[in-house]
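Colleague: Sharing entry_30.cif (mmCIF, C-alpha atoms) below.
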data_work
#
loop_
_atom_site.group_PDB
_atom_site.id
_atom_site.type_symbol
_atom_site.label_atom_id
_atom_site.label_comp_id
_atom_site.auth_asym_id
_atom_site.auth_seq_id
_atom_site.Cartn_x
_atom_site.Cartn_y
_atom_site.Cartn_z
ATOM 1 C CA MET A 554 -31.894 34.597 -16.950
ATOM 2 C CA GLU A 555 -32.107 36.537 -13.692
ATOM 3 C CA ASN A 556 -35.751 35.500 -13.285
ATOM 4 C CA ASN A 557 -34.687 31.918 -13.818
ATOM 5 C CA PHE A 558 -32.112 32.265 -11.047
ATOM 6 C CA ASP A 559 -34.750 33.823 -8.796
ATOM 7 C CA ASP A 560 -36.931 30.775 -9.319
ATOM 8 C CA VAL A 561 -34.033 28.395 -8.664
ATOM 9 C CA MET A 562 -32.936 30.201 -5.510
ATOM 10 C CA SER A 563 -36.477 30.290 -4.153
ATOM 11 C CA LYS A 564 -36.347 26.491 -3.983
ATOM 12 C CA ARG A 565 -33.050 26.389 -2.080
ATOM 13 C CA THR A 566 -32.866 25.879 1.665
ATOM 14 C CA ASN A 567 -31.526 28.586 3.965
ATOM 15 C CA GLN A 568 -28.308 26.624 4.417
ATOM 16 C CA GLU A 569 -27.829 26.239 0.664
ATOM 17 C CA LEU A 570 -28.416 29.932 0.038
ATOM 18 C CA ILE A 571 -25.882 30.924 2.674
ATOM 19 C CA VAL A 572 -23.279 28.549 1.266
ATOM 20 C CA ILE A 573 -23.841 30.006 -2.212
ATOM 21 C CA VAL A 574 -23.215 33.591 -1.077
ATOM 22 C CA SER A 575 -20.271 32.687 1.143
ATOM 23 C CA THR A 576 -17.968 29.671 0.838
ATOM 24 C CA ASP A 577 -19.122 28.604 -2.659
ATOM 25 C CA ARG A 578 -19.435 32.122 -4.036
ATOM 26 C CA SER A 579 -16.721 31.608 -6.663
ATOM 27 C CA LYS A 580 -18.623 28.671 -8.170
ATOM 28 C CA TYR A 581 -21.641 30.747 -9.222
ATOM 29 C CA GLN A 582 -22.370 33.477 -11.744
ATOM 30 C CA GLN A 583 -22.807 36.970 -10.366
ATOM 31 C CA SER A 584 -26.483 37.028 -11.345
ATOM 32 C CA ALA A 585 -27.050 33.789 -9.415
ATOM 33 C CA ILE A 586 -25.387 35.258 -6.323
ATOM 34 C CA ILE A 587 -27.551 38.385 -6.581
ATOM 35 C CA SER A 588 -30.664 36.202 -6.764
ATOM 36 C CA ALA A 589 -29.500 34.218 -3.740
ATOM 37 C CA GLU A 590 -28.862 37.400 -1.742
ATOM 38 C CA ARG A 591 -32.263 38.721 -2.759
ATOM 39 C CA GLU A 592 -33.913 35.495 -1.585
ATOM 40 C CA ILE A 593 -32.041 35.709 1.736
ATOM 41 C CA LYS A 594 -33.358 39.245 2.282
ATOM 42 C CA LYS A 595 -36.860 38.154 1.311
ATOM 43 C CA ARG A 596 -36.769 35.394 3.940
ATOM 44 C CA ASN A 597 -35.369 37.836 6.493
ATOM 45 C CA ILE A 598 -32.759 35.327 7.625
ATOM 46 C CA ASN A 599 -31.120 36.459 10.863
ATOM 47 C CA LYS A 600 -27.481 37.556 10.505
ATOM 48 C CA SER A 601 -26.385 35.310 13.371
ATOM 49 C CA ILE A 602 -27.871 32.318 11.536
ATOM 50 C CA ILE A 603 -25.947 33.316 8.425
ATOM 51 C CA ASP A 604 -22.720 33.592 10.413
ATOM 52 C CA ASP A 605 -23.314 30.198 12.043
ATOM 53 C CA ALA A 606 -24.013 28.632 8.665
ATOM 54 C CA LYS A 607 -20.812 30.113 7.245
ATOM 55 C CA ILE A 608 -18.818 28.656 10.133
ATOM 56 C CA THR A 609 -20.455 25.256 9.630
ATOM 57 C CA ALA A 610 -19.684 25.317 5.916
ATOM 58 C CA ASP A 611 -16.070 26.311 6.561
ATOM 59 C CA GLU A 612 -15.659 23.577 9.166
ATOM 60 C CA GLN A 613 -17.030 20.991 6.747
ATOM 61 C CA LYS A 614 -14.564 22.101 4.096
ATOM 62 C CA ILE A 615 -11.714 21.738 6.572
ATOM 63 C CA LYS A 616 -12.923 18.251 7.540
ATOM 64 C CA ASN A 617 -13.175 17.237 3.885
ATOM 65 C CA ALA A 618 -9.663 18.498 3.173
ATOM 66 C CA PHE A 619 -8.302 16.655 6.213
ATOM 67 C CA PHE A 620 -10.069 13.458 5.144
ATOM 68 C CA GLU A 621 -8.632 13.725 1.623
ATOM 69 C CA ASN A 622 -5.135 14.055 3.062
ATOM 70 C CA LEU A 623 -5.655 10.879 5.082
ATOM 71 C CA LYS A 624 -6.321 8.723 2.022
ATOM 72 C CA ALA A 625 -3.649 6.113 1.411
ATOM 73 C CA THR A 626 -1.451 6.498 -1.637
ATOM 74 C CA GLU A 627 -1.457 4.050 -4.506
ATOM 75 C CA GLN A 628 1.938 2.733 -3.435
ATOM 76 C CA ILE A 629 0.764 2.028 0.119
ATOM 77 C CA ARG A 630 -2.308 0.242 -1.185
ATOM 78 C CA PHE A 631 -0.120 -1.801 -3.499
ATOM 79 C CA LEU A 632 2.036 -2.860 -0.555
ATOM 80 C CA SER A 633 -0.979 -4.032 1.437
ATOM 81 C CA VAL A 634 -2.361 -5.951 -1.560
ATOM 82 C CA VAL A 635 0.949 -7.768 -2.039
ATOM 83 C CA ILE A 636 0.942 -8.802 1.620
ATOM 84 C CA ASP A 637 -2.692 -9.918 1.422
ATOM 85 C CA VAL A 638 -2.002 -12.001 -1.681
ATOM 86 C CA LEU A 639 0.876 -13.728 0.107
ATOM 87 C CA VAL A 640 -1.346 -14.454 3.119
ATOM 88 C CA ILE A 641 -4.112 -15.838 0.906
ATOM 89 C CA CYS A 642 -1.652 -17.986 -1.057
ATOM 90 C CA LEU A 643 -0.254 -19.410 2.178
ATOM 91 C CA VAL A 644 -3.716 -20.262 3.510
ATOM 92 C CA VAL A 645 -4.770 -21.797 0.187
ATOM 93 C CA PHE A 646 -1.563 -23.847 0.046
ATOM 94 C CA ILE A 647 -2.112 -25.241 3.543
ATOM 95 C CA ILE A 648 -5.759 -26.111 2.860
ATOM 96 C CA ASN A 649 -4.974 -27.623 -0.542
ATOM 97 C CA TYR A 650 -2.165 -29.684 0.932
ATOM 98 C CA GLY A 651 -4.515 -31.062 3.561
ATOM 99 C CA ALA A 652 -7.228 -31.701 0.980
ATOM 100 C CA SER A 653 -4.848 -33.507 -1.373
ATOM 101 C CA PHE A 654 -3.632 -35.652 1.514
ATOM 102 C CA LEU A 655 -7.192 -36.660 2.394
ATOM 103 C CA LEU A 656 -8.169 -37.292 -1.228
ATOM 104 C CA SER A 657 -5.179 -39.590 -1.647
ATOM 105 C CA PHE A 658 -6.937 -42.085 0.619
ATOM 106 C CA PHE A 659 -9.948 -42.178 -1.705
ATOM 107 C CA ASP A 660 -8.021 -42.541 -4.950
ATOM 108 C CA SER A 661 -9.832 -39.499 -6.390
ATOM 109 C CA PRO A 662 -9.120 -38.359 -9.968
ATOM 110 C CA LEU A 663 -6.803 -35.384 -10.482
ATOM 111 C CA ASN A 664 -9.673 -33.383 -11.970
ATOM 112 C CA ASP A 665 -11.578 -33.623 -8.708
ATOM 113 C CA PHE A 666 -8.677 -32.079 -6.823
ATOM 114 C CA ALA A 667 -8.263 -29.310 -9.420
ATOM 115 C CA ASP A 668 -11.928 -28.357 -9.083
ATOM 116 C CA LEU A 669 -11.695 -28.496 -5.301
ATOM 117 C CA SER A 670 -8.541 -26.378 -5.302
ATOM 118 C CA THR A 671 -10.214 -23.694 -7.414
ATOM 119 C CA SER A 672 -13.245 -23.634 -5.126
ATOM 120 C CA ILE A 673 -11.027 -23.382 -2.055
ATOM 121 C CA SER A 674 -9.051 -20.493 -3.555
ATOM 122 C CA ILE A 675 -12.195 -18.509 -4.370
ATOM 123 C CA MET A 676 -13.711 -19.189 -0.954
ATOM 124 C CA VAL A 677 -10.549 -18.175 0.916
ATOM 125 C CA TYR A 678 -10.162 -15.047 -1.207
ATOM 126 C CA PHE A 679 -13.617 -13.653 -0.463
ATOM 127 C CA THR A 680 -13.805 -14.901 3.121
ATOM 128 C CA TYR A 681 -10.471 -13.320 3.983
ATOM 129 C CA PHE A 682 -11.267 -9.833 2.703
ATOM 130 C CA ILE A 683 -14.908 -9.737 3.830
ATOM 131 C CA PHE A 684 -14.241 -11.090 7.321
ATOM 132 C CA MET A 685 -11.160 -8.978 8.013
ATOM 133 C CA GLU A 686 -12.576 -5.710 6.674
ATOM 134 C CA ASN A 687 -15.943 -6.191 8.368
ATOM 135 C CA LYS A 688 -14.503 -7.300 11.711
ATOM 136 C CA PHE A 689 -11.368 -5.178 11.989
ATOM 137 C CA GLN A 690 -11.597 -2.679 9.090
ATOM 138 C CA GLN A 691 -8.177 -4.069 8.196
ATOM 139 C CA THR A 692 -6.581 -7.001 6.467
ATOM 140 C CA PHE A 693 -3.110 -8.149 7.507
ATOM 141 C CA GLY A 694 -1.780 -6.058 4.651
ATOM 142 C CA ASN A 695 -3.571 -2.986 5.997
ATOM 143 C CA MET A 696 -2.231 -3.654 9.479
ATOM 144 C CA ILE A 697 1.352 -3.699 8.256
ATOM 145 C CA ALA A 698 0.788 -0.674 6.009
ATOM 146 C CA LYS A 699 -1.030 1.082 8.895
ATOM 147 C CA THR A 700 -4.187 1.737 6.915
ATOM 148 C CA LYS A 701 -7.856 0.825 7.278
ATOM 149 C CA VAL A 702 -11.073 0.850 5.280
ATOM 150 C CA VAL A 703 -13.711 3.491 6.063
ATOM 151 C CA ASP A 704 -16.839 4.831 4.417
ATOM 152 C CA ASN A 705 -16.869 8.261 2.801
ATOM 153 C CA ASN A 706 -17.745 9.832 6.149
ATOM 154 C CA GLY A 707 -14.707 8.320 7.817
ATOM 155 C CA SER A 708 -16.778 5.808 9.798
ATOM 156 C CA LYS A 709 -16.761 2.016 9.888
ATOM 157 C CA PRO A 710 -18.434 0.715 6.705
ATOM 158 C CA SER A 711 -21.607 -1.327 6.914
ATOM 159 C CA LEU A 712 -21.559 -5.030 6.086
ATOM 160 C CA LYS A 713 -23.440 -4.200 2.882
ATOM 161 C CA ALA A 714 -20.701 -1.769 1.832
ATOM 162 C CA ILE A 715 -18.016 -4.352 2.624
ATOM 163 C CA LEU A 716 -19.835 -6.976 0.556
ATOM 164 C CA ILE A 717 -20.210 -4.623 -2.410
ATOM 165 C CA ARG A 718 -16.584 -3.584 -2.057
ATOM 166 C CA ASN A 719 -15.248 -7.121 -2.152
ATOM 167 C CA LEU A 720 -17.650 -8.593 -4.683
ATOM 168 C CA SER A 721 -16.549 -5.851 -7.070
ATOM 169 C CA ARG A 722 -12.865 -6.326 -6.234
ATOM 170 C CA PRO A 723 -12.117 -9.011 -8.884
ATOM 171 C CA ILE A 724 -13.530 -6.897 -11.731
ATOM 172 C CA THR A 725 -11.844 -3.676 -10.646
ATOM 173 C CA ILE A 726 -8.260 -4.820 -10.710
ATOM 174 C CA GLY A 727 -6.319 -2.080 -12.411
ATOM 175 C CA ARG A 728 -2.861 -0.613 -12.219
ATOM 176 C CA TYR A 729 -0.737 -2.281 -9.519
ATOM 177 C CA ALA A 730 -3.645 -4.670 -8.846
ATOM 178 C CA THR A 731 -5.184 -2.219 -6.384
ATOM 179 C CA GLY A 732 -8.261 -1.368 -8.407
ATOM 180 C CA PHE A 733 -7.003 2.003 -9.623
ATOM 181 C CA ALA A 734 -8.692 2.132 -12.985
ATOM 182 C CA PHE A 735 -10.579 5.410 -13.280
ATOM 183 C CA GLU A 736 -9.239 8.889 -12.511
ATOM 184 C CA GLY A 737 -7.002 7.541 -9.763
ATOM 185 C CA THR A 738 -9.908 6.137 -7.754
ATOM 186 C CA PRO A 739 -10.483 2.377 -7.482
ATOM 187 C CA PHE A 740 -13.810 1.192 -8.828
ATOM 188 C CA LEU A 741 -14.349 -0.885 -5.693
ATOM 189 C CA ASP A 742 -14.177 2.367 -3.690
ATOM 190 C CA ARG A 743 -16.651 4.050 -6.016
ATOM 191 C CA PHE A 744 -19.115 1.162 -6.007
ATOM 192 C CA SER A 745 -19.150 0.797 -2.217
ATOM 193 C CA ASN A 746 -18.593 4.427 -1.157
ATOM 194 C CA THR A 747 -15.560 3.364 0.852
ATOM 195 C CA THR A 748 -11.871 4.160 0.787
ATOM 196 C CA ILE A 749 -8.562 3.311 2.442
ATOM 197 C CA ILE A 750 -7.026 5.848 4.816
ATOM 198 C CA ASN A 751 -3.813 6.052 6.788
ATOM 199 C CA ILE A 752 -4.104 5.477 10.528
ATOM 200 C CA VAL A 753 -2.911 8.509 12.472
#
Any chance you could put this one into structure tokens?
Modeller:
Amino acid sequence: MENNFDDVMSKRTNQELIVIVSTDRSKYQQSAIISAEREIKKRNINKSIIDDAKITADEQKIKNAFFENLKATEQIRFLSVVIDVLVICLVVFIINYGASFLLSFFDSPLNDFADLSTSISIMVYFTYFIFMENKFQQTFGNMIAKTKVVDNNGSKPSLKAILIRNLSRPITIGRYATGFAFEGTPFLDRFSNTTIINIV
């Protein structure tokens, strides 16, 4: 087994080896750590480089922990969704009212209006979320809840990520209609590598 670990460790980068023998030491078997230390000695990695790598690894862990603490709770996300639904319903109502008024002049069948109303609702739904999250990283619900959407690095998501996020939104509705459906993480977050964080 030790020879197997030697082979595995020989393929690791300097950074990976240093992380294994320092910050992630508890995650590995003792024989794996010994192999990693042996590989470090074989490569004659400078001690200052090892120390720098340890600091970098520790800083990344701190950043990750801070980022996790920033994530919005399920209750906050629920609040923003409720507000967004109300906004969408209001917009759809106004548009449908105008459309029904115009159609009344053409004596259109009721079925035509029903089909039009459904199309309007779908269009408003997707346009609202995609435009607001791509332009502002926030919907009106997020603004009131003081949250915003970010990628997993804490940066503004790409348009592609926003599209994936919102196209998957209808099929990821879970508990509280926020998409929480798997181990406490919304599927739309998983699919798009995005999340909702509190604004500090």
Colleague: How big is the axis-aligned box around the listed atoms of range 625-642 of chain A once 6 Å is added on each side, and where is its centre? Give both in Å to one decimal, as JSON.
Modeller:
{"center_x": -1.0, "center_y": -5.7, "center_z": -0.7, "size_x": 18.1, "size_y": 36.5, "size_z": 19.6}
Colleague: Could you list, as a PyMOL selection string, every residue matched by the PyMOL selection byres ((chain A and resi 603-607) around 7) in this structure?
Modeller: chain A and resi 568+571-572+575+599-602+608-611
Colleague: Can you turn the PyMOL selection byres ((chain A and resi 712-722) around 10) into a concrete residue list for this file, as JSON, numbers by chain?
Modeller: {"A": [678, 679, 680, 681, 682, 683, 684, 685, 686, 687, 688, 690, 702, 703, 704, 709, 710, 711, 723, 724, 725, 726, 727, 730, 731, 732, 739, 740, 741, 742, 743, 744, 745, 746, 747, 748]}
Colleague: Please evaluate the PyMOL selection byres ((chain A and resi 648) around 12) against the displayed coordinates and give the resulting residues as number ranges by chain.
Modeller: A: 641-647, 649-655, 666, 669-674, 676-677
Colleague: So what do you get for CA of Ala698 in chain A versus CA of Val753 in chain A, distance-wise?
Modeller: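 A separation of 11.8 Å between them.
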Colleague: Under the rule that only C-alpha atoms are counted, which of A:Thr566, A:Thr626, A:Thr738, A:Asn751 is the nearest residue to Arg596 in chain A?
Modeller: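 Using only C-alpha atoms, the shortest distance to Arg596 in chain A belongs to A:Thr566.
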Colleague: Report, in Å with one decimal, the straight-line distance from CA of Gln691 in chain A to CA of Gln613 in chain A.
Modeller: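 CA of Gln613 in chain A lies 26.6 Å from CA of Gln691 in chain A.
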Colleague: Which distance in Å separates CA of Asp559 in chain A and CA of Ser588 in chain A, to one decimal?
Modeller: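 Distance between the two atoms: 5.1 Å.
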Colleague: I need the residue nearest Phe619 in chain A from this list: A:Ile636, A:Asn597, A:Ile750, A:Lys699. Use all atoms listed in the file for the distance.
Modeller: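 Using all atoms listed in the file, Phe619 in chain A sits closest to A:Ile750.
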Colleague: Which polymer residues, protein or nucleic acid, are no farther than 12 Å from (3.9, -4.6, 7.4), counting all atoms listed in the file, as a PyMOL selection string?
Modeller: chain A and resi 629-637+640+692-700
Colleague: Within 8 Å of Met562 in chain A, counting all atoms listed in the file, which residues qualify if same-chain residues fewer than 3 places away don't, as a list in words?
Modeller: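 These residues fall inside the cut-off: Phe558, Asp559, Arg565, Leu570, Ala585, Ser588, Ala589 and Glu592 of chain A.
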